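What follows is protein23.cif (mmCIF, C-alpha atoms).
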data_run
#
loop_
_atom_site.label_atom_id
_atom_site.label_comp_id
_atom_site.auth_asym_id
_atom_site.auth_seq_id
_atom_site.Cartn_x
_atom_site.Cartn_y
_atom_site.Cartn_z
CA MET A 231 -36.50 -6.14 4.95
CA THR A 232 -33.07 -7.61 5.57
CA ASN A 233 -32.90 -9.64 2.39
CA PRO A 234 -32.48 -8.30 -1.15
CA GLU A 235 -35.48 -8.29 -3.45
CA MET A 236 -36.11 -11.45 -5.44
CA ILE A 237 -34.94 -10.85 -8.99
CA SER A 238 -33.94 -13.01 -11.92
CA ILE A 239 -30.36 -12.46 -13.07
CA SER A 240 -27.49 -14.37 -14.59
CA LEU A 241 -24.90 -15.55 -12.07
CA LEU A 242 -22.22 -16.48 -14.58
CA LYS A 243 -19.78 -13.97 -13.10
CA CYS A 244 -20.41 -14.93 -9.50
CA LYS A 245 -17.66 -17.46 -8.88
CA TYR A 246 -17.40 -17.75 -5.13
CA SER A 247 -15.63 -20.99 -4.33
CA GLY A 248 -14.34 -20.42 -0.81
CA VAL A 249 -10.98 -19.21 0.50
CA GLU A 250 -8.44 -20.49 2.92
CA LEU A 251 -8.19 -12.58 4.46
CA ILE A 252 -6.51 -9.20 3.84
CA VAL A 253 -3.09 -9.79 5.02
CA GLY A 254 -2.53 -13.45 4.24
CA GLY A 255 -5.36 -13.47 1.73
CA GLU A 256 -5.66 -13.69 -2.02
CA ASN A 257 -7.18 -11.86 -4.97
CA ALA A 258 -10.93 -12.21 -5.33
CA ASP A 259 -12.34 -13.16 -8.71
CA GLN A 260 -14.04 -10.45 -10.74
CA GLY A 261 -17.71 -10.44 -9.78
CA GLU A 262 -17.20 -12.79 -6.82
CA PHE A 263 -18.49 -10.28 -4.25
CA PRO A 264 -21.08 -8.21 -6.15
CA HIS A 265 -22.09 -6.21 -3.06
CA MET A 266 -18.56 -4.90 -2.49
CA ALA A 267 -18.19 -1.11 -2.60
CA ALA A 268 -15.18 1.22 -2.60
CA ILE A 269 -15.76 4.59 -0.93
CA GLY A 270 -14.10 7.52 -2.65
CA PHE A 271 -12.81 10.79 -1.20
CA THR A 272 -11.74 13.66 -3.46
CA ASN A 273 -7.96 14.05 -3.46
CA PHE A 274 -5.95 17.18 -4.23
CA ASP A 275 -5.51 16.09 -7.86
CA ASP A 276 -9.31 16.09 -8.23
CA GLY A 277 -9.32 12.32 -8.48
CA TYR A 278 -10.44 9.84 -5.85
CA ASN A 279 -8.72 8.03 -3.03
CA PHE A 280 -10.54 4.88 -2.00
CA SER A 281 -9.62 4.68 1.65
CA CYS A 282 -12.62 2.70 2.89
CA GLY A 283 -14.91 -0.09 1.77
CA GLY A 284 -18.58 -0.86 2.20
CA SER A 285 -21.42 -3.18 1.26
CA LEU A 286 -24.41 -2.56 -0.99
CA ILE A 287 -27.46 -3.72 1.01
CA SER A 288 -30.24 -2.27 -1.17
CA PRO A 289 -30.39 -0.57 -4.58
CA ARG A 290 -29.96 2.79 -2.79
CA PHE A 291 -27.84 2.20 0.34
CA VAL A 292 -24.26 1.19 1.18
CA LEU A 293 -23.31 0.04 4.68
CA THR A 294 -19.94 1.12 6.08
CA ALA A 295 -18.14 2.18 9.26
CA GLY A 296 -18.92 5.45 11.02
CA HIS A 297 -15.27 6.52 10.90
CA CYS A 298 -15.38 6.15 7.09
CA THR A 299 -17.61 9.21 6.84
CA ARG A 300 -14.73 11.61 7.46
CA ASN A 301 -11.15 11.77 6.23
CA LEU A 302 -9.25 14.91 7.22
CA ARG A 303 -6.41 14.10 4.79
CA ALA A 304 -8.75 14.38 1.79
CA LYS A 305 -9.58 17.58 -0.10
CA ASP A 306 -13.18 17.18 1.04
CA PRO A 307 -13.36 15.45 4.43
CA GLU A 308 -16.59 13.63 3.54
CA PRO A 309 -16.80 10.84 0.95
CA VAL A 310 -18.32 11.90 -2.36
CA ILE A 311 -18.78 8.71 -4.41
CA VAL A 312 -19.24 5.00 -4.10
CA ARG A 313 -17.69 2.71 -6.70
CA LEU A 314 -19.56 -0.52 -7.36
CA GLY A 315 -18.83 -3.50 -9.58
CA ASP A 316 -15.04 -3.12 -9.56
CA GLN A 317 -12.22 -5.59 -9.08
CA ASN A 318 -9.00 -3.59 -9.55
CA ILE A 319 -9.45 0.04 -8.52
CA ASP A 320 -6.56 1.22 -10.70
CA PRO A 321 -8.36 2.71 -13.75
CA SER A 322 -5.41 1.89 -16.01
CA VAL A 323 -5.80 -1.87 -15.37
CA SER A 324 -8.11 -3.88 -17.61
CA ASP A 325 -9.75 -6.48 -15.39
CA GLY A 326 -12.99 -7.16 -17.24
CA ALA A 327 -15.05 -5.16 -14.75
CA ASN A 328 -17.49 -2.40 -15.61
CA PRO A 329 -17.49 -0.28 -12.47
CA VAL A 330 -20.00 2.45 -11.75
CA ASP A 331 -19.23 5.58 -9.71
CA VAL A 332 -22.34 6.79 -7.91
CA PRO A 333 -22.51 10.15 -6.08
CA ILE A 334 -23.46 10.06 -2.41
CA LYS A 335 -26.67 11.95 -1.68
CA ARG A 336 -26.66 11.77 2.10
CA ILE A 337 -24.58 10.31 4.92
CA HIS A 338 -26.38 8.66 7.85
CA LYS A 339 -24.03 8.20 10.81
CA HIS A 340 -25.30 6.30 13.80
CA PRO A 341 -26.49 8.90 16.33
CA ASP A 342 -24.43 7.32 19.12
CA TYR A 343 -21.16 7.20 17.18
CA ARG A 344 -18.82 9.62 18.96
CA PRO A 345 -15.17 9.43 17.85
CA PRO A 346 -12.51 8.84 18.95
CA ALA A 347 -14.46 6.18 20.86
CA ARG A 348 -14.86 2.99 18.83
CA TYR A 349 -18.45 2.19 19.71
CA ASN A 350 -21.43 2.31 17.29
CA ASP A 351 -18.97 2.52 14.40
CA ILE A 352 -21.57 2.21 11.65
CA ALA A 353 -23.00 4.42 8.91
CA LEU A 354 -25.19 4.26 5.82
CA LEU A 355 -24.40 6.05 2.57
CA GLU A 356 -27.51 6.98 0.61
CA LEU A 357 -26.83 7.05 -3.13
CA ASN A 358 -28.36 9.65 -5.41
CA LEU A 359 -30.09 6.97 -7.51
CA ASP A 360 -31.20 3.37 -7.31
CA MET A 361 -28.67 0.95 -8.72
CA GLU A 362 -29.67 -1.42 -11.49
CA ILE A 363 -29.19 -4.87 -10.01
CA ASP A 364 -27.38 -7.48 -12.09
CA SER A 365 -24.72 -10.16 -11.67
CA ASP A 366 -21.94 -7.58 -11.15
CA ILE A 367 -23.76 -5.31 -8.70
CA ARG A 368 -26.10 -6.93 -6.21
CA PRO A 369 -27.01 -6.33 -2.55
CA ALA A 370 -25.96 -8.61 0.26
CA CYS A 371 -28.23 -9.75 3.08
CA LEU A 372 -27.86 -8.80 6.74
CA TRP A 373 -27.04 -11.41 9.39
CA GLN A 374 -29.96 -11.47 11.82
CA GLN A 375 -28.73 -13.69 14.65
CA ASN A 376 -26.95 -12.25 17.69
CA GLY A 377 -24.57 -15.20 17.68
CA PHE A 378 -22.77 -17.00 14.89
CA GLY A 379 -25.39 -19.69 14.31
CA GLY A 380 -22.84 -22.46 14.46
CA GLU A 381 -20.49 -20.78 11.98
CA THR A 382 -16.83 -20.72 12.97
CA LYS A 383 -15.34 -18.76 10.07
CA ALA A 384 -16.21 -15.73 7.97
CA ILE A 385 -14.72 -14.00 4.93
CA ALA A 386 -13.35 -10.47 4.99
CA THR A 387 -12.91 -8.53 1.76
CA GLY A 388 -11.34 -5.19 0.90
CA TRP A 389 -8.73 -3.14 -0.91
CA GLY A 390 -6.62 -2.48 2.18
CA THR A 391 -2.99 -2.96 3.14
CA VAL A 392 -1.59 -6.33 2.13
CA ASN A 393 1.91 -5.84 3.53
CA PRO A 394 2.01 -4.21 6.99
CA ASP A 395 5.78 -3.72 6.77
CA THR A 396 5.81 -1.76 3.49
CA ARG A 397 2.19 -0.50 3.81
CA GLU A 398 1.54 -1.74 0.29
CA VAL A 399 -2.14 -1.25 -0.56
CA ALA A 400 -3.98 -3.72 -2.76
CA LYS A 401 -5.39 -2.58 -6.08
CA ASP A 402 -7.15 -5.91 -6.58
CA LEU A 403 -10.00 -6.80 -4.26
CA GLN A 404 -8.70 -9.17 -1.58
CA LYS A 405 -10.44 -11.96 0.33
CA VAL A 406 -9.42 -13.95 3.38
CA SER A 407 -11.00 -16.41 5.78
CA VAL A 408 -10.77 -15.68 9.51
CA ASN A 409 -11.98 -17.37 12.69
CA LEU A 410 -15.00 -15.97 14.53
CA LEU A 411 -14.21 -15.41 18.20
CA ASN A 412 -16.53 -14.99 21.15
CA ASN A 413 -16.27 -11.71 23.01
CA THR A 414 -15.10 -13.22 26.29
CA ASP A 415 -12.04 -14.78 24.69
CA CYS A 416 -11.38 -11.78 22.47
CA ALA A 417 -11.55 -9.25 25.32
CA LYS A 418 -8.61 -10.98 26.99
CA LEU A 419 -6.48 -10.37 23.90
CA LEU A 420 -7.26 -6.71 23.24
CA ASP A 421 -5.04 -3.90 24.47
CA THR A 422 -7.71 -1.32 25.28
CA ARG A 423 -5.14 1.32 26.24
CA HIS A 424 -4.35 1.99 22.58
CA SER A 425 -7.77 1.64 20.97
CA ASN A 426 -10.05 4.17 22.72
CA LEU A 427 -11.97 1.20 24.02
CA ARG A 428 -13.48 0.88 27.52
CA GLY A 429 -14.02 -2.83 27.05
CA LEU A 430 -15.61 -4.86 24.29
CA SER A 431 -19.31 -4.09 23.83
CA PRO A 432 -21.97 -6.69 22.91
CA SER A 433 -22.47 -4.61 19.74
CA GLN A 434 -18.90 -5.44 18.71
CA MET A 435 -17.33 -8.74 17.68
CA CYS A 436 -13.91 -10.14 16.87
CA ALA A 437 -12.41 -12.24 14.13
CA GLY A 438 -8.88 -13.17 13.22
CA GLU A 439 -6.22 -15.84 13.14
CA LEU A 440 -4.60 -16.22 16.54
CA ARG A 441 -1.39 -17.49 14.94
CA GLY A 442 -1.23 -14.26 12.95
CA ARG A 443 -0.63 -13.48 9.26
CA LYS A 444 -4.34 -13.32 8.36
CA ASP A 445 -6.19 -10.13 9.13
CA THR A 446 -7.85 -6.99 7.91
CA CYS A 447 -5.60 -3.95 7.89
CA ARG A 448 -5.40 -0.24 6.98
CA ALA A 449 -7.91 0.94 4.36
CA ASN A 450 -10.11 -2.11 4.92
CA SER A 451 -12.21 0.01 7.26
CA GLY A 452 -15.93 -0.22 6.58
CA SER A 453 -15.52 -3.36 4.48
CA PRO A 454 -17.69 -6.38 5.21
CA LEU A 455 -17.14 -9.49 7.24
CA GLN A 456 -19.50 -11.97 5.59
CA ILE A 457 -20.78 -15.52 5.66
CA PRO A 458 -21.77 -17.17 2.36
CA SER A 459 -25.21 -18.72 2.10
CA LYS A 460 -25.20 -22.51 2.15
CA ASP A 461 -28.39 -22.68 0.10
CA LYS A 462 -28.12 -19.96 -2.54
CA GLN A 463 -25.16 -19.34 -4.82
CA CYS A 464 -23.47 -15.98 -4.43
CA ILE A 465 -25.65 -14.77 -1.56
CA PHE A 466 -23.67 -13.35 1.35
CA HIS A 467 -24.81 -12.32 4.82
CA ILE A 468 -22.96 -9.36 6.32
CA ILE A 469 -22.21 -10.22 9.93
CA GLY A 470 -19.74 -7.43 10.71
CA ILE A 471 -18.17 -4.17 9.55
CA THR A 472 -14.40 -3.75 9.81
CA SER A 473 -13.86 -1.20 12.60
CA PHE A 474 -10.27 -1.40 13.85
CA GLY A 475 -7.31 -3.62 14.62
CA GLU A 476 -4.10 -3.31 16.54
CA GLN A 477 -1.11 -4.58 14.58
CA CYS A 478 -2.24 -5.89 11.17
CA ALA A 479 -1.93 -9.68 11.49
CA ASN A 480 0.83 -9.46 14.09
CA GLY A 481 -1.28 -8.84 17.17
CA PRO A 482 -4.77 -9.26 18.66
CA PRO A 483 -7.81 -10.04 16.48
CA ALA A 484 -9.57 -7.26 14.58
CA VAL A 485 -12.75 -5.74 15.99
CA TYR A 486 -15.90 -5.46 13.91
CA THR A 487 -19.24 -3.73 14.40
CA ARG A 488 -21.82 -6.46 14.98
CA ILE A 489 -24.61 -6.05 12.39
CA SER A 490 -27.33 -7.81 14.37
CA SER A 491 -27.15 -5.09 17.04
CA TYR A 492 -28.20 -2.43 14.53
CA LEU A 493 -30.95 -4.07 12.49
CA ASP A 494 -33.69 -1.75 13.74
CA TRP A 495 -31.63 1.35 12.97
CA ILE A 496 -30.66 0.10 9.51
CA GLU A 497 -34.19 -0.96 8.59
CA GLY A 498 -35.64 2.36 9.79
CA ILE A 499 -33.49 4.22 7.25
CA VAL A 500 -33.23 1.77 4.35
CA TRP A 501 -36.74 0.27 4.47
CA PRO A 502 -38.88 2.76 6.44
CA GLY A 503 -42.44 1.66 7.04
CA GLU A 504 -41.87 -1.91 5.80
#
Show how you would write the structure in this file as structure tokens.
Amino acid sequence: MTNPEMISISLLKCKYSGVELIVGGENADQGEFPHMAAIGFTNFDDGYNFSCGGSLISPRFVLTAGHCTRNLRAKDPEPVIVRLGDQNIDPSVSDGANPVDVPIKRIHKHPDYRPPARYNDIALLELNLDMEIDSDIRPACLWQQNGFGGETKAIATGWGTVNPDTREVAKDLQKVSVNLLNNTDCAKLLDTRHSNLRGLSPSQMCAGELRGRKDTCRANSGSPLQIPSKDKQCIFHIIGITSFGEQCANGPPAVYTRISSYLDWIEGIVWPGE
């Protein structure tokens, strides 16, 4: 099963209307990306730092990057909660959202993810309960084609750095449109000496704006690269997971984990026996 269950809900808060991502992007509307998740690590004030993003893909599982399963600067190096249904992650800001913090029951890292190498950078976070699906919290689909199916652009979302010079981090969920690049062209632009990369793998993909100023950046790790459905309102297909970049909108394109390369692994954990 790579599509969410068929359910009847109100879509009044799902207002996706397209974008011209997260450097060079803009604020998303509340409820625009109902699968978007913020991954929380316990900080030394016993609150949470949301240093990674993810995507709800079933009532019980969130998809993220493998390197988002450990943060040595946190009080507990493993993430402890997933926040769903939020727009502005500052709890003092009233944004009309009704977020839910859900404890993480189990972390499933891909068995071939071996940091600091950048390959197989994918993980699943199993929640301790099934989420109630509504217009604010709803799973995304998984992109099933190896290629882009004629698509030339995708949308990246996240709460990451919006100003690479000041390292300002967004509190509001950001969205930005980026170009999808084939691996042959992208490989020529990457500086593998500084990215623990032995060449671009078929299980990786690139997206970005070659003229710069539009990109994912720090703290966007694990967040989705998605393509909106042309047929169904507010349905998104996750095509990639933000893995790493070089210079935050000032250098080569960002590299993403290619979802279609991991469908069997994802389905074996999320929908075993189906």
| field | Nearest to Tyr343 (chain A) by atom-to-atom distance, counting only C-alpha atoms, from A:Gln317, A:Thr299, A:Ser288, A:Asn450 | value |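 The closest residue to Tyr343 (chain A) is A:Thr299.
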| request: Quote the spacing between CA of Phe274 (chain A) and CA of Val292 (chain A) in Å to one decimal place. | output: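 Distance reported for this atom pair: 24.9 Å.
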| task | Enter the distance from CA of His340 (chain A) to CA of Gly296 (chain A), in Å, rounded to one decimal. | result |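 Interatomic distance, CA of His340 (chain A) to CA of Gly296 (chain A): 7.0 Å.
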| query | Quick one: which residues end up in the PyMOL selection byres ((chain A and resi 468) around 6) for this structure, as number ranges by chain? | reply | A: 372-373, 455-456, 467, 469-470
Export C-alpha atoms of the chosen residues as a PDB file, keeping the file's coordinate frame?
ATOM      1  CA  LEU A 372     -27.860  -8.800   6.740  1.00  0.00           C
ATOM      2  CA  TRP A 373     -27.040 -11.410   9.390  1.00  0.00           C
ATOM      3  CA  LEU A 455     -17.140  -9.490   7.240  1.00  0.00           C
ATOM      4  CA  GLN A 456     -19.500 -11.970   5.590  1.00  0.00           C
ATOM      5  CA  HIS A 467     -24.810 -12.320   4.820  1.00  0.00           C
ATOM      6  CA  ILE A 469     -22.210 -10.220   9.930  1.00  0.00           C
ATOM      7  CA  GLY A 470     -19.740  -7.430  10.710  1.00  0.00           C
TER       8      GLY A 470
END
| request: Enumerate, as a PyMOL selection string, the residues matched when the PyMOL selection byres ((chain A and resi 436) around 9) is run on the file above. | output: chain A and resi 409-413+416-417+434-435+437-438+470+483-488
| Which polymer residues have any atom within 8 Å of an atom of region 310-316 of chain A, counting only C-alpha atoms, with same-chain residues fewer than 4 positions away left out, as JSON, numbers by chain? | {"A": [260, 261, 264, 265, 266, 267, 268, 269, 270, 271, 272, 327, 328, 329, 330, 331, 332, 333, 334, 357, 366, 367]}
| Can you list what the PyMOL selection byres ((chain A and resi 297) around 9) grabs from this structure, as a list in words? |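 Checking the PyMOL selection byres ((chain A and resi 297) around 9) against this file, the residues are Thr294, Ala295, Gly296, Cys298, Thr299, Arg300, Asn301, Lys339, Tyr343, Pro345, Pro346, Arg348, Asp351, Ile352, Ala353, Ser451, Gly452 and Ser473 of chain A.
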Store the residues of this selection in a file with C-alpha atoms, as a CSV table (one decimal), in the frame of the given file.
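out-v3.csv was written with the following content:
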chain,number,residue,atom,x,y,z
A,294,THR,CA,-19.9,1.1,6.1
A,295,ALA,CA,-18.1,2.2,9.3
A,296,GLY,CA,-18.9,5.4,11.0
A,298,CYS,CA,-15.4,6.2,7.1
A,299,THR,CA,-17.6,9.2,6.8
A,300,ARG,CA,-14.7,11.6,7.5
A,301,ASN,CA,-11.2,11.8,6.2
A,339,LYS,CA,-24.0,8.2,10.8
A,343,TYR,CA,-21.2,7.2,17.2
A,345,PRO,CA,-15.2,9.4,17.8
A,346,PRO,CA,-12.5,8.8,19.0
A,348,ARG,CA,-14.9,3.0,18.8
A,351,ASP,CA,-19.0,2.5,14.4
A,352,ILE,CA,-21.6,2.2,11.6
A,353,ALA,CA,-23.0,4.4,8.9
A,451,SER,CA,-12.2,0.0,7.3
A,452,GLY,CA,-15.9,-0.2,6.6
A,473,SER,CA,-13.9,-1.2,12.6
| Nearest residue to Lys460 (chain A) from the set A:Ala400, A:Glu381, A:Gln374, A:Gly503 (distances using only C-alpha atoms) | A:Glu381
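Comparing the minimum interatomic distances between Thr472 (chain A) and each of A:Pro432, A:Gly326, A:Gly380, A:Gly284, counting only C-alpha atoms, we find that A:Gly284 sits nearest.
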For Ala386 (chain A): contacts at 6 Å, all atoms listed in the file, fewer than 3 positions along chain excluded, given as a compact mmCIF listing (two decimals) with C-alpha atoms, in the coordinates of the input:
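File produced: result-v9.txt:
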# COMPACT_ATOMS: atom_id res chain seq x y z
CA LEU A 251 -8.19 -12.58 4.46
CA LYS A 405 -10.44 -11.96 0.33
CA VAL A 406 -9.42 -13.95 3.38
CA PRO A 454 -17.69 -6.38 5.21
CA LEU A 455 -17.14 -9.49 7.24
| Pairwise distance for CA of Leu354 (chain A) and CA of Val323 (chain A), rounded to one decimal in Å |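 So the answer is 29.4 Å.
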Give, as AutoDock Vina command-line options, the centre coordinates and the x, y and z edge lengths in Å to one decimal for an axis-aligned box around all listed atoms of region 490-502 of chain A, padded by 4 Å on each side.
--center_x -33.0 --center_y -1.8 --center_z 10.7 --size_x 19.7 --size_y 20.0 --size_z 20.7
| So, counting all atoms listed in the file, which residue among A:Ile457, A:Ala347, A:Leu355, A:Ile319 is closest to Gly429 (chain A)? |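 Using all atoms listed in the file, the shortest distance to Gly429 (chain A) belongs to A:Ala347.
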